[in-house]
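**Student:** Sharing protein06.pdb, PDB, C-alpha atoms (C1' of nucleotides):
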ATOM      1  CA  MET L   1     203.364 -35.958-310.949
ATOM      2  CA  ASN L   2     206.099 -34.447-308.851
ATOM      3  CA  PRO L   3     206.431 -34.697-305.147
ATOM      4  CA  SER L   4     205.318 -31.296-303.963
ATOM      5  CA  THR L   5     207.253 -28.813-301.920
ATOM      6  CA  SER L   6     204.268 -26.664-300.984
ATOM      7  CA  CYS L   7     202.144 -26.785-297.839
ATOM      8  CA  PRO L   8     200.381 -30.150-297.552
ATOM      9  CA  LYS L   9     197.516 -28.697-295.498
ATOM     10  CA  MET L  10     196.849 -26.217-298.252
ATOM     11  CA  GLU L  11     196.861 -29.052-300.751
ATOM     12  CA  LYS L  12     194.399 -31.040-298.708
ATOM     13  CA  ALA L  13     192.156 -28.039-298.130
ATOM     14  CA  THR L  14     192.008 -26.960-301.756
ATOM     15  CA  GLN L  15     191.429 -30.530-302.841
ATOM     16  CA  MET L  16     188.526 -30.689-300.427
ATOM     17  CA  ILE L  17     186.739 -27.465-301.186
ATOM     18  CA  SER L  18     187.569 -27.004-304.823
ATOM     19  CA  LYS L  19     185.753 -30.071-306.015
ATOM     20  CA  ARG L  20     183.169 -28.937-308.508
ATOM     21  CA  TRP L  21     179.990 -27.651-306.762
ATOM     22  CA  SER L  22     181.401 -27.886-303.228
ATOM     23  CA  LEU L  23     181.814 -24.143-302.820
ATOM     24  CA  LEU L  24     178.357 -23.380-304.177
ATOM     25  CA  ILE L  25     176.764 -25.981-301.923
ATOM     26  CA  ILE L  26     178.540 -24.582-298.867
ATOM     27  CA  HIS L  27     177.545 -21.080-299.936
ATOM     28  CA  GLN L  28     173.953 -22.202-300.238
ATOM     29  CA  LEU L  29     174.017 -23.817-296.791
ATOM     30  CA  LEU L  30     175.284 -20.603-295.191
ATOM     31  CA  ALA L  31     171.644 -19.489-295.511
ATOM     32  CA  GLY L  32     170.697 -22.224-293.055
ATOM     33  CA  PRO L  33     169.760 -25.925-292.969
ATOM     34  CA  GLN L  34     168.065 -27.101-296.134
ATOM     35  CA  ARG L  35     166.535 -30.130-297.712
ATOM     36  CA  PHE L  36     167.910 -31.949-300.725
ATOM     37  CA  CYS L  37     165.327 -30.644-303.153
ATOM     38  CA  THR L  38     165.789 -27.059-301.978
ATOM     39  CA  ILE L  39     169.488 -27.171-302.782
ATOM     40  CA  GLU L  40     168.797 -28.963-306.043
ATOM     41  CA  THR L  41     166.419 -26.187-307.078
ATOM     42  CA  ALA L  42     168.700 -23.384-305.949
ATOM     43  CA  LEU L  43     171.771 -24.577-307.849
ATOM     44  CA  PRO L  44     172.266 -25.737-311.429
ATOM     45  CA  ILE L  45     173.300 -29.177-310.268
ATOM     46  CA  SER L  46     171.688 -32.526-310.927
ATOM     47  CA  GLY L  47     170.451 -34.826-308.163
ATOM     48  CA  ARG L  48     173.037 -37.368-309.135
ATOM     49  CA  LEU L  49     175.931 -35.025-308.394
ATOM     50  CA  LEU L  50     174.334 -33.246-305.447
ATOM     51  CA  SER L  51     173.922 -36.595-303.774
ATOM     52  CA  GLU L  52     177.551 -37.478-304.440
ATOM     53  CA  ARG L  53     178.887 -34.108-303.333
ATOM     54  CA  LEU L  54     176.842 -34.017-300.126
ATOM     55  CA  LYS L  55     178.245 -37.432-299.230
ATOM     56  CA  ASP L  56     181.782 -36.156-299.853
ATOM     57  CA  LEU L  57     181.201 -33.060-297.736
ATOM     58  CA  GLU L  58     179.646 -35.142-294.979
ATOM     59  CA  GLN L  59     182.684 -37.413-294.967
ATOM     60  CA  GLU L  60     184.964 -34.407-294.708
ATOM     61  CA  GLY L  61     183.018 -33.217-291.678
ATOM     62  CA  ILE L  62     181.843 -30.057-293.410
ATOM     63  CA  VAL L  63     178.172 -30.945-293.752
ATOM     64  CA  ASN L  64     175.691 -32.585-291.354
ATOM     65  CA  ARG L  65     172.876 -34.817-292.503
ATOM     66  CA  ASP L  66     169.985 -34.766-290.055
ATOM     67  CA  VAL L  67     167.127 -37.197-290.426
ATOM     68  CA  PHE L  68     163.807 -36.190-288.852
ATOM     69  CA  PRO L  69     161.716 -39.346-288.429
ATOM     70  CA  GLU L  70     158.436 -37.755-289.381
ATOM     71  CA  MET L  71     155.982 -39.220-291.824
ATOM     72  CA  PRO L  72     157.258 -38.892-294.465
ATOM     73  CA  VAL L  73     160.848 -38.648-293.292
ATOM     74  CA  ARG L  74     162.507 -35.254-293.620
ATOM     75  CA  ILE L  75     166.206 -34.892-294.210
ATOM     76  CA  GLU L  76     168.063 -31.647-293.675
ATOM     77  CA  TYR L  77     171.584 -30.713-294.590
ATOM     78  CA  SER L  78     173.479 -28.129-292.602
ATOM     79  CA  LEU L  79     177.014 -26.916-292.017
ATOM     80  CA  THR L  80     179.115 -28.287-289.178
ATOM     81  CA  LYS L  81     181.418 -25.950-287.256
ATOM     82  CA  LYS L  82     184.150 -26.872-289.694
ATOM     83  CA  GLY L  83     181.806 -25.912-292.510
ATOM     84  CA  GLN L  84     180.740 -22.678-290.857
ATOM     85  CA  ALA L  85     184.387 -21.782-290.433
ATOM     86  CA  LEU L  86     184.522 -21.440-294.192
ATOM     87  CA  GLU L  87     182.148 -18.474-294.152
ATOM     88  CA  PRO L  88     184.940 -15.846-294.413
ATOM     89  CA  VAL L  89     186.311 -17.660-297.442
ATOM     90  CA  LEU L  90     182.914 -17.687-299.148
ATOM     91  CA  ARG L  91     182.350 -14.020-298.287
ATOM     92  CA  GLY L  92     185.747 -13.270-299.777
ATOM     93  CA  ILE L  93     184.797 -15.010-302.987
ATOM     94  CA  GLU L  94     181.490 -13.133-303.008
ATOM     95  CA  THR L  95     183.304  -9.803-302.724
ATOM     96  CA  TRP L  96     185.759 -10.760-305.440
ATOM     97  CA  ALA L  97     182.961 -12.019-307.671
ATOM     98  CA  HIS L  98     181.123  -8.709-307.457
ATOM     99  CA  GLU L  99     184.225  -6.657-308.119
ATOM    100  CA  TRP L 100     185.807  -8.653-310.885
ATOM    101  CA  THR L 101     183.254 -10.664-312.817
TER     102      THR L 101
ATOM    103  CA  MET Y   1     170.259 -29.663-314.647
ATOM    104  CA  ASN Y   2     167.942 -27.038-313.201
ATOM    105  CA  PRO Y   3     167.955 -23.379-313.985
ATOM    106  CA  SER Y   4     169.539 -21.911-310.897
ATOM    107  CA  THR Y   5     168.072 -19.359-308.549
ATOM    108  CA  SER Y   6     171.366 -18.446-306.854
ATOM    109  CA  CYS Y   7     173.752 -15.597-307.660
ATOM    110  CA  PRO Y   8     175.170 -15.978-311.176
ATOM    111  CA  LYS Y   9     178.346 -14.051-310.316
ATOM    112  CA  MET Y  10     179.008 -16.501-307.519
ATOM    113  CA  GLU Y  11     178.465 -19.346-309.938
ATOM    114  CA  LYS Y  12     180.890 -17.876-312.433
ATOM    115  CA  ALA Y  13     183.483 -17.130-309.775
ATOM    116  CA  THR Y  14     183.398 -20.566-308.176
ATOM    117  CA  GLN Y  15     183.472 -22.182-311.596
ATOM    118  CA  MET Y  16     186.565 -20.149-312.374
ATOM    119  CA  ILE Y  17     188.604 -20.663-309.267
ATOM    120  CA  SER Y  18     187.493 -24.088-308.199
ATOM    121  CA  LYS Y  19     188.863 -25.875-311.209
ATOM    122  CA  ARG Y  20     191.320 -28.427-309.963
ATOM    123  CA  TRP Y  21     194.763 -26.875-309.246
ATOM    124  CA  SER Y  22     193.667 -23.276-309.868
ATOM    125  CA  LEU Y  23     193.689 -22.318-306.196
ATOM    126  CA  LEU Y  24     197.068 -23.924-305.575
ATOM    127  CA  ILE Y  25     198.577 -22.233-308.612
ATOM    128  CA  ILE Y  26     197.247 -18.843-307.521
ATOM    129  CA  HIS Y  27     198.510 -19.514-304.002
ATOM    130  CA  GLN Y  28     201.914 -20.354-305.393
ATOM    131  CA  LEU Y  29     201.999 -17.179-307.488
ATOM    132  CA  LEU Y  30     201.243 -15.031-304.441
ATOM    133  CA  ALA Y  31     204.922 -15.570-303.648
ATOM    134  CA  GLY Y  32     205.830 -13.630-306.789
ATOM    135  CA  PRO Y  33     206.346 -14.154-310.530
ATOM    136  CA  GLN Y  34     207.606 -17.607-311.380
ATOM    137  CA  ARG Y  35     208.641 -19.754-314.276
ATOM    138  CA  PHE Y  36     206.834 -22.818-315.491
ATOM    139  CA  CYS Y  37     209.305 -25.298-314.095
ATOM    140  CA  THR Y  38     209.334 -23.624-310.676
ATOM    141  CA  ILE Y  39     205.590 -24.031-310.331
ATOM    142  CA  GLU Y  40     205.781 -27.546-311.672
ATOM    143  CA  THR Y  41     208.335 -28.456-309.018
ATOM    144  CA  ALA Y  42     206.483 -26.715-306.206
ATOM    145  CA  LEU Y  43     203.145 -28.407-306.817
ATOM    146  CA  PRO Y  44     202.180 -32.044-307.389
ATOM    147  CA  ILE Y  45     200.891 -31.248-310.839
ATOM    148  CA  SER Y  46     202.054 -32.526-314.206
ATOM    149  CA  GLY Y  47     203.283 -30.259-316.980
ATOM    150  CA  ARG Y  48     200.354 -31.283-319.095
ATOM    151  CA  LEU Y  49     197.822 -29.897-316.628
ATOM    152  CA  LEU Y  50     199.868 -26.944-315.454
ATOM    153  CA  SER Y  51     200.082 -25.783-319.046
ATOM    154  CA  GLU Y  52     196.334 -26.187-319.481
ATOM    155  CA  ARG Y  53     195.471 -24.500-316.191
ATOM    156  CA  LEU Y  54     197.792 -21.538-316.770
ATOM    157  CA  LYS Y  55     196.117 -20.982-320.131
ATOM    158  CA  ASP Y  56     192.691 -21.047-318.456
ATOM    159  CA  LEU Y  57     193.803 -18.601-315.783
ATOM    160  CA  GLU Y  58     195.379 -16.341-318.382
ATOM    161  CA  GLN Y  59     192.119 -16.318-320.337
ATOM    162  CA  GLU Y  60     190.205 -15.399-317.208
ATOM    163  CA  GLY Y  61     192.547 -12.478-316.666
ATOM    164  CA  ILE Y  62     193.892 -13.861-313.403
ATOM    165  CA  VAL Y  63     197.394 -14.712-314.573
ATOM    166  CA  ASN Y  64     199.883 -12.838-316.759
ATOM    167  CA  ARG Y  65     202.330 -14.566-319.059
ATOM    168  CA  ASP Y  66     205.424 -12.465-319.643
ATOM    169  CA  VAL Y  67     207.958 -13.473-322.256
ATOM    170  CA  PHE Y  68     211.492 -12.144-321.802
ATOM    171  CA  PRO Y  69     213.237 -12.412-325.174
ATOM    172  CA  GLU Y  70     216.569 -13.444-323.767
ATOM    173  CA  MET Y  71     218.630 -16.305-325.052
ATOM    174  CA  PRO Y  72     217.189 -18.725-324.187
ATOM    175  CA  VAL Y  73     213.781 -17.190-323.804
ATOM    176  CA  ARG Y  74     212.466 -16.866-320.264
ATOM    177  CA  ILE Y  75     208.778 -17.002-319.488
ATOM    178  CA  GLU Y  76     207.342 -15.821-316.207
ATOM    179  CA  TYR Y  77     203.881 -16.202-314.831
ATOM    180  CA  SER Y  78     202.456 -13.681-312.395
ATOM    181  CA  LEU Y  79     199.122 -12.576-310.961
ATOM    182  CA  THR Y  80     197.173  -9.746-312.555
ATOM    183  CA  LYS Y  81     195.321  -7.284-310.315
ATOM    184  CA  LYS Y  82     192.296  -9.507-310.608
ATOM    185  CA  GLY Y  83     194.458 -12.403-309.467
ATOM    186  CA  GLN Y  84     196.005 -10.445-306.631
ATOM    187  CA  ALA Y  85     192.521  -9.519-305.470
ATOM    188  CA  LEU Y  86     192.095 -13.169-304.565
ATOM    189  CA  GLU Y  87     194.760 -12.974-301.869
ATOM    190  CA  PRO Y  88     192.254 -12.562-298.984
ATOM    191  CA  VAL Y  89     190.420 -15.646-300.201
ATOM    192  CA  LEU Y  90     193.617 -17.677-300.288
ATOM    193  CA  ARG Y  91     194.643 -16.414-296.849
ATOM    194  CA  GLY Y  92     191.229 -17.404-295.583
ATOM    195  CA  ILE Y  93     191.686 -20.909-296.923
ATOM    196  CA  GLU Y  94     195.155 -21.022-295.362
ATOM    197  CA  THR Y  95     193.748 -20.109-291.971
ATOM    198  CA  TRP Y  96     190.967 -22.639-292.279
ATOM    199  CA  ALA Y  97     193.400 -25.306-293.453
ATOM    200  CA  HIS Y  98     195.588 -24.844-290.397
ATOM    201  CA  GLU Y  99     192.667 -24.881-287.991
ATOM    202  CA  TRP Y 100     190.641 -27.718-289.403
ATOM    203  CA  THR Y 101     192.772 -30.176-291.348
TER     204      THR Y 101
ATOM    205  C1'  DT Z   1     142.916 -43.636-309.769
ATOM    206  C1'  DA Z   2     146.426 -40.569-311.498
ATOM    207  C1'  DA Z   3     149.785 -37.300-310.664
ATOM    208  C1'  DT Z   4     153.218 -35.257-307.668
ATOM    209  C1'  DT Z   5     156.982 -34.839-304.174
ATOM    210  C1'  DA Z   6     161.202 -36.224-301.618
ATOM    211  C1'  DA Z   7     165.473 -38.281-301.716
ATOM    212  C1'  DG Z   8     167.821 -40.521-303.911
ATOM    213  C1'  DT Z   9     169.956 -44.654-307.497
ATOM    214  C1'  DT Z  10     171.183 -46.857-312.037
ATOM    215  C1'  DA Z  11     172.765 -46.855-316.610
ATOM    216  C1'  DC Z  12     175.004 -44.568-320.035
ATOM    217  C1'  DT Z  13     177.597 -40.704-322.553
ATOM    218  C1'  DT Z  14     180.819 -37.069-322.599
ATOM    219  C1'  DA Z  15     184.423 -34.324-320.588
ATOM    220  C1'  DA Z  16     188.391 -33.722-317.497
ATOM    221  C1'  DT Z  17     192.456 -35.578-315.398
ATOM    222  C1'  DG Z  18     196.609 -38.366-314.933
ATOM    223  C1'  DT Z  19     200.720 -40.697-316.985
ATOM    224  C1'  DA Z  20     204.337 -41.225-320.001
ATOM    225  C1'  DA Z  21     206.830 -40.169-323.676
ATOM    226  C1'  DG Z  22     208.234 -36.831-327.279
ATOM    227  C1'  DT Z  23     209.667 -32.123-329.252
ATOM    228  C1'  DG Z  24     212.799 -28.292-330.420
ATOM    229  C1'  DA Z  25     215.809 -24.817-329.158
ATOM    230  C1'  DG Z  26     219.630 -23.765-326.441
ATOM    231  C1'  DT Z  27     223.535 -25.118-322.840
ATOM    232  C1'  DA Z  28     226.872 -27.458-320.360
ATOM    233  C1'  DT Z  29     229.991 -31.602-320.015
ATOM    234  C1'  DA Z  30     233.471 -35.362-321.538
TER     235       DA Z  30
ATOM    236  C1'  DT K   1     232.151 -33.375-331.481
ATOM    237  C1'  DA K   2     228.880 -36.369-329.404
ATOM    238  C1'  DT K   3     226.128 -36.752-325.153
ATOM    239  C1'  DA K   4     223.288 -35.461-321.852
ATOM    240  C1'  DC K   5     220.384 -31.964-319.817
ATOM    241  C1'  DT K   6     216.981 -27.927-319.184
ATOM    242  C1'  DC K   7     212.868 -25.304-320.343
ATOM    243  C1'  DA K   8     208.322 -24.975-321.851
ATOM    244  C1'  DC K   9     205.540 -27.293-323.650
ATOM    245  C1'  DT K  10     202.580 -31.078-326.811
ATOM    246  C1'  DT K  11     200.717 -35.714-328.159
ATOM    247  C1'  DA K  12     198.709 -40.043-327.314
ATOM    248  C1'  DC K  13     196.386 -42.878-324.435
ATOM    249  C1'  DA K  14     194.056 -44.793-320.017
ATOM    250  C1'  DT K  15     191.433 -43.706-316.071
ATOM    251  C1'  DT K  16     188.263 -40.983-313.428
ATOM    252  C1'  DA K  17     184.716 -37.527-312.852
ATOM    253  C1'  DA K  18     180.710 -35.086-314.470
ATOM    254  C1'  DG K  19     176.374 -34.642-317.027
ATOM    255  C1'  DT K  20     171.802 -36.529-318.650
ATOM    256  C1'  DA K  21     167.851 -39.173-318.348
ATOM    257  C1'  DA K  22     165.095 -42.468-316.623
ATOM    258  C1'  DC K  23     163.770 -45.215-312.591
ATOM    259  C1'  DT K  24     162.593 -46.331-307.476
ATOM    260  C1'  DT K  25     159.902 -46.336-303.117
ATOM    261  C1'  DA K  26     156.957 -44.469-300.049
ATOM    262  C1'  DA K  27     153.748 -41.046-298.975
ATOM    263  C1'  DT K  28     150.381 -37.111-300.526
ATOM    264  C1'  DT K  29     147.350 -34.505-303.042
ATOM    265  C1'  DA K  30     143.728 -33.719-306.882
TER     266       DA K  30
END
Show this structure as structure tokens.

**Tutor:**
Amino acid sequence: MNPSTSCPKMEKATQMISKRWSLLIIHQLLAGPQRFCTIETALPISGRLLSERLKDLEQEGIVNRDVFPEMPVRIEYSLTKKGQALEPVLRGIETWAHEWT
Amino acid sequence: MNPSTSCPKMEKATQMISKRWSLLIIHQLLAGPQRFCTIETALPISGRLLSERLKDLEQEGIVNRDVFPEMPVRIEYSLTKKGQALEPVLRGIETWAHEWT
DNA sequence: TAATTAAGTTACTTAATGTAAGTGAGTATA
DNA sequence: TATACTCACTTACATTAAGTAACTTAATTA
């Protein structure tokens, strides 16, 4: 592994969002706050990985985890401002996906 | 793994570009056609993976591999139109990276 | 009482990534 | 002429990540 000469912020950013499933989860959350099982049903991802990825995204400050202390407890995932700021990127991918795939 | 209810094009696209290193390689190639060793030096990626990733991207029609039959042979990698169409996405990530990381 | 749902976790298998060294053809250096 | 070096990879192997399936705990519905 070489020391890199490219932009370190770009490296960090791509590392963060290009983990498998991250982009699809963020895309899914653009539709609004959602519960675990809703995301699990919407995407072809297993609970095991969704759980892991949501934790990662929460740590990166991209996703919020809100606990509503009802009975039974309800947990909703949503995008933070940092996460919402990725909307143009996701829309760009959407456009590209429709044109080229 | 559930059957998904989200957009299959989006799934394909994210699968394609969010493989580790793909985004950085495409970003690097936005600067123009480059040789293997140039990319290897510019990014913190090993030859082993760069070789693998370039093959993937070539197969997806995102990257071109041009062989110049000089002595010694020169090989240059560049973006296809499909690859160049990703520029807005990469610029979006750049912007986000500078604002939020 | 039995089955189902939500939000995960545990255990285990398979696939991807990282590291280091090697290859073969050509080039420059002592 | 022998040595070292560059380019564009490849091979072998160790480590890490992803995928699959079954399990958990508490509450809810049939």

**Student:** Between CA of Leu43 (chain L) and CA of Ile17 (chain L), what is the spacing in Å?

**Tutor:**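 Computing it gives 16.6 Å between the two atoms.
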
**Student:** Using the chain letters and numbering of this document, enumerate as a VMD selection string the residues selected by the PyMOL selection byres ((chain Y) within 12 of (chain K)).

**Tutor:** chain Y and resid 1 to 2 20 35 to 40 46 to 52 54 to 55 67 71 to 76

**Student:** Enumerate as a ChimeraX atom specification the residues belonging to chain Z that approach chain Y to within 10 Å, with all atoms listed in the file taken into account.

**Tutor:** /Z:16-19,25-27

**Student:** I'd like the interatomic distance between CA of Ala97 (chain L) and CA of Met10 (chain Y), to a tenth of an Å.

**Tutor:**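 Separation between CA of Ala97 (chain L) and CA of Met10 (chain Y): 6.0 Å.
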
**Student:** Could you list, as an MDAnalysis selection string, every residue of chain Y that has an atom within 7 Å of an atom of chain L, counting all atoms listed in the file?

**Tutor:** chainID Y and resid 1:6 9:10 13:14 18:20 23 41:46 82 85:86 88:89 92:94 96:98 100:101

**Student:** Please indicate the distance in Å from CA of Asn64 (chain L) to C1' of DA7 (chain Z), rounded to one decimal place.

**Tutor:**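 Atom-to-atom, CA of Asn64 (chain L) and C1' of DA7 (chain Z) are spaced 15.6 Å apart.
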
**Student:** Please enumerate the residues selected by the PyMOL selection byres ((chain Y and resi 33) around 9) when evaluated against the supplied file, formatted as a ChimeraX atom specification.

**Tutor:** /Y:29-32,34-35,76-79
